[in-house]
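Participant: Structure provided below as structure tokens; questions to follow.
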Amino acid sequence: MKRLAPALALCALLVAALPAQAADQPAHLDSYGTKAPYAPGQSARTYQRAPAGFVPVLTENVSRHGSRAASDSEDADLVLALWDRADADGRLTRRGREFGPKVRALRAAMERVGYGELSGRGTAELKGTAVRLAGRLPSLFAEIARTGERIDVVSSGQGRAVASGDAFAAALGAVDPQLEPLIGETRTDKDLLYFHKAAGGAAYRDYLENDQRLAATLKALTDQPRTHRAATAVLRGLFTAPFVNGLADADRVAAAQAVHNLYAIAPAMSEESPGGRGWGMERYLSAADAAWFGYLGDAEDFYEKGPGFAGSDITYRMAEVLLDDLFATVEAKRDGTSDLGAALRFTHAEELIPLAALMGLPGSTRPVTERRPYTWAGNPWRGAEVAPLGGNIQWDVYQRDGRYLVRMLYNEKETAFKAGCRPLTRGSAFYDLDELERCFGRA
């Protein structure tokens with residue numbers, strides 16, 4: 001977690017505003033934050049049927065890359081440096097003695113995969129989503145194969161996103177070999193799918209680097225007594241009390257966060273574990289302490305990528321380029337100017353989280369004020385639900401007699417568009433394209 005210079009007066013205000021327990025006990029997956037592994041949110045057997053006479057003519061998605069190795073070895077290196085010191089001094093607990101070799105093995109597995117690259121589980125996640133897409137819309141893909149419409153695959157250009165697009169496309173092609181020649185090679189569009197690092201993200205990057213309100217808020221949320229108690233508890237499970245007591249407060253917190261980061265990334269590397277049985281990192285911190293550090297990770301993502309501060313759209317305004325592309329793809333199909341049958345996009349949490357906030361998707365509708373900071377108890381935003389590894393937004397488009405309907409799936413769960421958008425009928429998952437254009441200000 002980044003350490004930013006605080007604005008001290010605001011920091012004090014935020015500390016006073018926080019409740020004694022800033023996060024309630026979550027469901028288990030929440031403690032993984034945006035490193036949570038993917039699972040579809042709804043059984044395909046329960047999807048609504050399209051209204052009579054409407055046939056699918058297009059599908060498109062925005063998908064986060066699948067499970068991956070950690071971005072670098074920093075967390076493992078930090079923990080192992082402490083472990084080696086404690087081992088040399090005979091200051092490891094029984095559990096601590098087994099922890100070091102396990103971290104070394106996990107680090108070696110990530111080195112083999114490549115830091116930041118798609119893991120075996122990540123490949124399986126994307127292939128599974130592709131197969132379920134084909135199963136959801138069999139008549140669409142049969143028509144694509146019959147007419148020779150194109151399937152466009154585009155990514156951010158980063159290795160894990162490219163590999164995700166490739167895995168997804170390969171799975172589609174395996175479902176029906178007639179689709180293979182219609183699937184384009186995964187191309188790159190950084191302005192569309194890596195916008196936080198492109199020209200359109202300049203103001204956003206300035207916010208991350210220089211906004212003192214952001215810095216003070218993250219400092220206040222992290223530097224609570226609960227954080228220090230949790231850090232001590234995590235380390236006391238691995239190292240003897242004298243060793244832990246000899247560490248500075250900041251070093252204890254950093255080391256405990258590193259342990260939590262390894263815990264969070266371990267499920268993404270499950271296929272690379274011995275015998276594929278998993279790494280067992282949950283043995284090394286309690287559910288309550290894992291939840292606390294999961295909450296702190298969610299808080300950082302909420303303020304840096306999600307709904308953020310009330311009255312400011314700096315964290316998600318740049319996602320308009322992606323929402324525009326979703327609409328433009330459907331509109332081109334309606335206007336007869338597109339030969340696409342499917343538009344498949346592969347990106348990152350830094351794009352999917354802002355898009356969810358911009359679209360007002362469930363969990364991403366409530367920004368916070370400085371006096372009432374983000375907490376699990378007081379806000380529905382959860383990284384594990386908003387943007388798990390392999391998370392996705394999909395639009396299925398149907399047509400009858402020149403009228404176009406759109407159904408949205410969020411992590412493969414039928415999901416209503418934002419408040420103010422009127423479905424065909426109460427409770428329907430289907431929306432008239434004209435209504436969506438009106439609701440999103442495109443009419």
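By order in the structure tokens, chains are A, B, ...; within a chain, residues start at 1; ligands start at 1, following the order shown.
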Could you give me, as a PyMOL selection string, the residues within 8 Å of range 159-170 of chain A, counting only C-alpha atoms and dropping anything in the same chain fewer than 6 positions from it?

Facilitator: chain A and resi 64-66+68+116-118+122-123+126-127+129-130+153+180+183+185-186+344-348

Participant: Would you give me, as JSON lines, each residue of range 19-116 of chain A having an atom within 6 Å of an atom of range 391-394 of chain A, along with its shortest atom pair and that distance in Å to one decimal, using only C-alpha atoms and sorting by chain and residue number?

Facilitator:
```
{"residue": "A:Glu60", "atom": "CA", "partner": "A:Gln394", "partner_atom": "CA", "distance": 5.7}
{"residue": "A:Asn61", "atom": "CA", "partner": "A:Gln394", "partner_atom": "CA", "distance": 4.2}
{"residue": "A:Val62", "atom": "CA", "partner": "A:Ile393", "partner_atom": "CA", "distance": 5.2}
{"residue": "A:Ser63", "atom": "CA", "partner": "A:Asn392", "partner_atom": "CA", "distance": 4.1}
{"residue": "A:Arg64", "atom": "CA", "partner": "A:Gly391", "partner_atom": "CA", "distance": 5.3}
```

Participant: Write the residues of the preceding selection, restricted to all heavy atoms, as a short mmCIF file (atom, residue, chain, number, x, y, z; two decimals), in the first residue's frame.

Facilitator:
```cif
data_model
loop_
_atom_site.label_atom_id
_atom_site.label_comp_id
_atom_site.auth_asym_id
_atom_site.auth_seq_id
_atom_site.Cartn_x
_atom_site.Cartn_y
_atom_site.Cartn_z
N GLU A 60 -20.91 -8.16 -26.73
CA GLU A 60 -19.65 -7.46 -26.48
C GLU A 60 -19.36 -7.49 -24.99
O GLU A 60 -20.26 -7.66 -24.16
CB GLU A 60 -19.70 -6.01 -26.99
CG GLU A 60 -20.80 -5.15 -26.42
CD GLU A 60 -20.71 -3.71 -26.91
OE1 GLU A 60 -19.61 -3.25 -27.27
OE2 GLU A 60 -21.75 -3.04 -26.95
N ASN A 61 -18.08 -7.35 -24.67
CA ASN A 61 -17.70 -7.41 -23.26
C ASN A 61 -16.57 -6.42 -22.95
O ASN A 61 -15.93 -5.87 -23.84
CB ASN A 61 -17.27 -8.83 -22.87
CG ASN A 61 -15.86 -9.17 -23.35
OD1 ASN A 61 -15.28 -8.51 -24.21
ND2 ASN A 61 -15.31 -10.24 -22.80
N VAL A 62 -16.39 -6.21 -21.66
CA VAL A 62 -15.18 -5.60 -21.11
C VAL A 62 -14.77 -6.53 -19.98
O VAL A 62 -15.50 -6.69 -19.01
CB VAL A 62 -15.42 -4.18 -20.56
CG1 VAL A 62 -14.12 -3.64 -19.95
CG2 VAL A 62 -15.93 -3.25 -21.64
N SER A 63 -13.63 -7.18 -20.11
CA SER A 63 -13.21 -8.17 -19.13
C SER A 63 -11.86 -7.79 -18.53
O SER A 63 -10.93 -7.38 -19.24
CB SER A 63 -13.09 -9.55 -19.79
OG SER A 63 -12.58 -10.51 -18.87
N ARG A 64 -11.78 -7.91 -17.22
CA ARG A 64 -10.47 -7.83 -16.58
C ARG A 64 -9.71 -9.12 -16.91
O ARG A 64 -10.30 -10.18 -17.10
CB ARG A 64 -10.63 -7.69 -15.07
CG ARG A 64 -9.32 -7.42 -14.35
CD ARG A 64 -9.47 -7.42 -12.85
NE ARG A 64 -8.16 -7.18 -12.22
CZ ARG A 64 -7.89 -7.39 -10.94
NH1 ARG A 64 -8.84 -7.85 -10.13
NH2 ARG A 64 -6.68 -7.15 -10.46
#
```

Participant: How close does range 240-349 of chain A get to range 30-53 of chain A? List, as CSV, each residue of range 240-349 of chain A within 6 Å, its nearest atom pair and the distance in Å to one decimal, counting only C-alpha atoms.

Facilitator:
```
residue,atom,partner,partner_atom,distance
A:Ala264,CA,A:Tyr32,CA,4.9
A:Ala290,CA,A:Ser31,CA,5.6
A:Ala291,CA,A:Ser31,CA,4.5
A:Gly294,CA,A:Ser31,CA,4.2
A:Asp298,CA,A:Gly33,CA,5.9
```

Participant: Include C-alpha atoms and write out the residues we just selected as a CSV table (one decimal), in the first residue's frame.

Facilitator:
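The result, written out as selection_32.csv:
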```csv
chain,number,residue,atom,x,y,z
A,264,ALA,CA,-4.5,-12.7,-1.3
A,290,ALA,CA,-7.2,-11.0,6.9
A,291,ALA,CA,-10.5,-9.1,6.7
A,294,GLY,CA,-8.7,-6.7,3.0
A,298,ASP,CA,-10.5,-2.0,-0.6
```

Participant: Kindly indicate which residue among A:Tyr410, A:Phe99, A:Trp395, A:Tyr374 lies nearest to Tyr263 in chain A, using only C-alpha atoms for the distances.

Facilitator: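 Going through A:Tyr410, A:Phe99, A:Trp395, A:Tyr374 one by one, the smallest distance to Tyr263 in chain A is for A:Phe99.
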
Participant: List the spatial neighbours of Arg97 in chain A as number ranges by chain - criterion: any atom at most 12 Å away, only C-alpha atoms, same-chain residues fewer than 2 positions off excluded.

Facilitator: A: 80, 83-84, 86-88, 90-95, 99-103, 237-240, 284

Participant: For C-alpha atoms, I'd like the residues from the last selection saved as a PDB file, in the first residue's frame.

Facilitator:
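The resulting file, part06.pdb, is reproduced below:
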```pdb
ATOM      1  CA  LEU A  80      11.696 -13.680   3.609  1.00  0.00           C
ATOM      2  CA  TRP A  83      12.165 -14.723   8.174  1.00  0.00           C
ATOM      3  CA  ASP A  84      15.871 -15.273   7.510  1.00  0.00           C
ATOM      4  CA  ALA A  86      14.439 -14.609  12.757  1.00  0.00           C
ATOM      5  CA  ASP A  87      15.593 -18.059  11.661  1.00  0.00           C
ATOM      6  CA  ALA A  88      19.234 -17.153  12.239  1.00  0.00           C
ATOM      7  CA  GLY A  90      16.108 -18.905  16.605  1.00  0.00           C
ATOM      8  CA  ARG A  91      13.054 -16.632  16.829  1.00  0.00           C
ATOM      9  CA  LEU A  92      10.568 -18.454  14.650  1.00  0.00           C
ATOM     10  CA  THR A  93       7.368 -19.996  15.964  1.00  0.00           C
ATOM     11  CA  ARG A  94       6.395 -23.532  15.001  1.00  0.00           C
ATOM     12  CA  ARG A  95       4.078 -22.157  12.356  1.00  0.00           C
ATOM     13  CA  PHE A  99       5.957 -20.443   6.529  1.00  0.00           C
ATOM     14  CA  GLY A 100       9.339 -19.477   5.043  1.00  0.00           C
ATOM     15  CA  PRO A 101       9.753 -22.512   2.761  1.00  0.00           C
ATOM     16  CA  LYS A 102       6.166 -22.087   1.595  1.00  0.00           C
ATOM     17  CA  VAL A 103       6.777 -18.441   0.647  1.00  0.00           C
ATOM     18  CA  GLY A 237       1.957 -16.108  14.643  1.00  0.00           C
ATOM     19  CA  LEU A 238       5.250 -16.373  12.756  1.00  0.00           C
ATOM     20  CA  PHE A 239       7.896 -14.840  15.003  1.00  0.00           C
ATOM     21  CA  THR A 240       8.534 -14.799  18.734  1.00  0.00           C
ATOM     22  CA  TYR A 284      -0.898 -17.724   8.718  1.00  0.00           C
TER      23      TYR A 284
END
```

Participant: Between CA of Cys421 in chain A and CA of Glu437 in chain A, what is the distance in Å, rounded to a tenth?

Facilitator: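 According to the coordinates, CA of Cys421 in chain A and CA of Glu437 in chain A are separated by 9.3 Å.
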
Participant: Among the residues of range 381-441 of chain A, find those DSSP assigns to alpha helix (DSSP H) from the backbone and print them as an mmCIF file with N, CA and C atoms, in the first residue's frame.

Facilitator:
```cif
data_model
loop_
_atom_site.group_PDB
_atom_site.id
_atom_site.type_symbol
_atom_site.label_atom_id
_atom_site.label_comp_id
_atom_site.auth_asym_id
_atom_site.auth_seq_id
_atom_site.Cartn_x
_atom_site.Cartn_y
_atom_site.Cartn_z
ATOM 1 N N GLY A 383 -14.160 -4.811 -3.414
ATOM 2 C CA GLY A 383 -13.317 -5.125 -4.554
ATOM 3 C C GLY A 383 -13.555 -6.509 -5.107
ATOM 4 N N ALA A 384 -13.842 -7.473 -4.234
ATOM 5 C CA ALA A 384 -14.050 -8.850 -4.670
ATOM 6 C C ALA A 384 -15.287 -8.997 -5.535
ATOM 7 N N GLU A 385 -16.235 -8.075 -5.422
ATOM 8 C CA GLU A 385 -17.456 -8.137 -6.222
ATOM 9 C C GLU A 385 -17.410 -7.180 -7.408
ATOM 10 N N VAL A 386 -16.776 -6.030 -7.217
ATOM 11 C CA VAL A 386 -16.721 -5.033 -8.289
ATOM 12 C C VAL A 386 -15.764 -5.458 -9.386
ATOM 13 N N LEU A 433 -32.628 -0.016 -26.781
ATOM 14 C CA LEU A 433 -31.426 0.783 -27.036
ATOM 15 C C LEU A 433 -31.746 2.272 -27.023
ATOM 16 N N ASP A 434 -32.876 2.670 -27.576
ATOM 17 C CA ASP A 434 -33.251 4.090 -27.547
ATOM 18 C C ASP A 434 -33.354 4.603 -26.115
ATOM 19 N N GLU A 435 -33.896 3.777 -25.222
ATOM 20 C CA GLU A 435 -34.026 4.177 -23.823
ATOM 21 C C GLU A 435 -32.659 4.321 -23.158
ATOM 22 N N LEU A 436 -31.739 3.419 -23.461
ATOM 23 C CA LEU A 436 -30.392 3.517 -22.883
ATOM 24 C C LEU A 436 -29.664 4.757 -23.404
ATOM 25 N N GLU A 437 -29.861 5.071 -24.672
ATOM 26 C CA GLU A 437 -29.244 6.277 -25.216
ATOM 27 C C GLU A 437 -29.805 7.509 -24.506
ATOM 28 N N ARG A 438 -31.093 7.512 -24.265
ATOM 29 C CA ARG A 438 -31.681 8.643 -23.517
ATOM 30 C C ARG A 438 -31.135 8.711 -22.092
ATOM 31 N N CYS A 439 -31.108 7.563 -21.437
ATOM 32 C CA CYS A 439 -30.712 7.508 -20.031
ATOM 33 C C CYS A 439 -29.248 7.925 -19.838
#
```

Participant: Write out as a list in words which residues come within 10 Å of Pro362 in chain A when counting only C-alpha atoms, dropping same-chain ones fewer than 2 positions away.

Facilitator: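 With the cut-off at 10 Å, the set is Ala356, Ala357, Met359, Gly360, Ser364, Thr365, Arg366, Pro380, Trp381, Glu385, Val386, Tyr410, Thr415, Ala416, Phe417 and Lys418 of chain A.
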
Participant: Identify, on the basis of only C-alpha atoms, every residue whose closest approach to range 323-338 of chain A does not exceed 9 Å; exclude the query and any residue fewer than 2 positions from it along the same chain; express the result as a tab-separated table (two decimals) with N, CA and C atoms, in the first residue's frame.

Facilitator:
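Result file follows (around_14.tsv):
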```tsv
chain	number	residue	atom	x	y	z
A	57	VAL	N	-28.00	-10.59	-32.07
A	57	VAL	CA	-27.26	-10.17	-33.26
A	57	VAL	C	-25.85	-9.69	-32.93
A	58	LEU	N	-25.56	-9.52	-31.65
A	58	LEU	CA	-24.25	-8.99	-31.26
A	58	LEU	C	-24.04	-9.27	-29.79
A	59	THR	N	-22.79	-9.54	-29.40
A	59	THR	CA	-22.41	-9.55	-27.99
A	59	THR	C	-21.08	-8.83	-27.86
A	60	GLU	N	-20.91	-8.16	-26.73
A	60	GLU	CA	-19.65	-7.46	-26.48
A	60	GLU	C	-19.36	-7.49	-24.99
A	61	ASN	N	-18.08	-7.35	-24.67
A	61	ASN	CA	-17.70	-7.41	-23.26
A	61	ASN	C	-16.57	-6.42	-22.95
A	62	VAL	N	-16.39	-6.21	-21.66
A	62	VAL	CA	-15.18	-5.60	-21.11
A	62	VAL	C	-14.77	-6.53	-19.98
A	192	LEU	N	-8.06	3.02	-25.20
A	192	LEU	CA	-9.35	2.46	-24.82
A	192	LEU	C	-9.25	1.61	-23.57
A	319	ALA	N	-13.20	6.88	-17.83
A	319	ALA	CA	-13.79	5.66	-18.38
A	319	ALA	C	-14.84	5.95	-19.44
A	320	GLU	N	-15.16	7.21	-19.67
A	320	GLU	CA	-16.15	7.55	-20.70
A	320	GLU	C	-15.74	7.02	-22.07
A	321	VAL	N	-14.44	6.94	-22.34
A	321	VAL	CA	-13.99	6.44	-23.63
A	321	VAL	C	-14.44	4.99	-23.83
A	340	LEU	N	-19.42	-6.68	-37.29
A	340	LEU	CA	-19.01	-7.40	-36.10
A	340	LEU	C	-20.16	-8.25	-35.54
A	341	GLY	N	-19.82	-9.47	-35.16
A	341	GLY	CA	-20.77	-10.30	-34.41
A	341	GLY	C	-20.45	-10.31	-32.94
A	343	ALA	N	-17.58	-8.24	-30.01
A	343	ALA	CA	-16.48	-7.32	-29.69
A	343	ALA	C	-15.99	-7.66	-28.29
A	355	LEU	N	-15.14	2.11	-14.79
A	355	LEU	CA	-16.30	1.90	-15.66
A	355	LEU	C	-17.52	1.54	-14.83
A	358	LEU	N	-18.75	4.75	-13.28
A	358	LEU	CA	-19.36	5.62	-14.28
A	358	LEU	C	-20.75	5.12	-14.67
A	359	MET	N	-20.91	3.81	-14.76
A	359	MET	CA	-22.18	3.23	-15.17
A	359	MET	C	-23.18	3.09	-14.03
A	395	TRP	N	-22.59	-7.12	-22.67
A	395	TRP	CA	-23.86	-6.67	-23.25
A	395	TRP	C	-24.26	-7.63	-24.36
A	397	VAL	N	-27.01	-8.14	-27.37
A	397	VAL	CA	-27.87	-7.27	-28.16
A	397	VAL	C	-28.81	-8.13	-29.01
A	399	GLN	N	-32.45	-8.17	-31.68
A	399	GLN	CA	-33.12	-7.35	-32.69
A	399	GLN	C	-34.39	-8.03	-33.18
A	402	GLY	N	-36.04	-4.20	-36.71
A	402	GLY	CA	-35.35	-2.92	-36.58
A	402	GLY	C	-35.32	-2.35	-35.18
A	403	ARG	N	-35.89	-3.03	-34.20
A	403	ARG	CA	-35.84	-2.58	-32.82
A	403	ARG	C	-34.76	-3.37	-32.08
A	404	TYR	N	-33.93	-2.67	-31.30
A	404	TYR	CA	-32.78	-3.30	-30.64
A	404	TYR	C	-32.94	-3.25	-29.13
A	406	VAL	N	-30.97	-4.46	-25.34
A	406	VAL	CA	-29.69	-4.77	-24.71
A	406	VAL	C	-29.95	-5.39	-23.34
A	433	LEU	N	-32.63	-0.02	-26.78
A	433	LEU	CA	-31.43	0.78	-27.04
A	433	LEU	C	-31.75	2.27	-27.02
A	437	GLU	N	-29.86	5.07	-24.67
A	437	GLU	CA	-29.24	6.28	-25.22
A	437	GLU	C	-29.81	7.51	-24.51
A	442	ARG	N	-27.08	10.04	-24.63
A	442	ARG	CA	-26.55	9.91	-26.00
A	442	ARG	C	-27.60	10.21	-27.05
```

Participant: If DSSP is run on the backbone, what residues of range 20-76 of chain A are strand (DSSP E or B)? A reply as a PyMOL selection string would be ideal.

Facilitator: chain A and resi 55-64+68
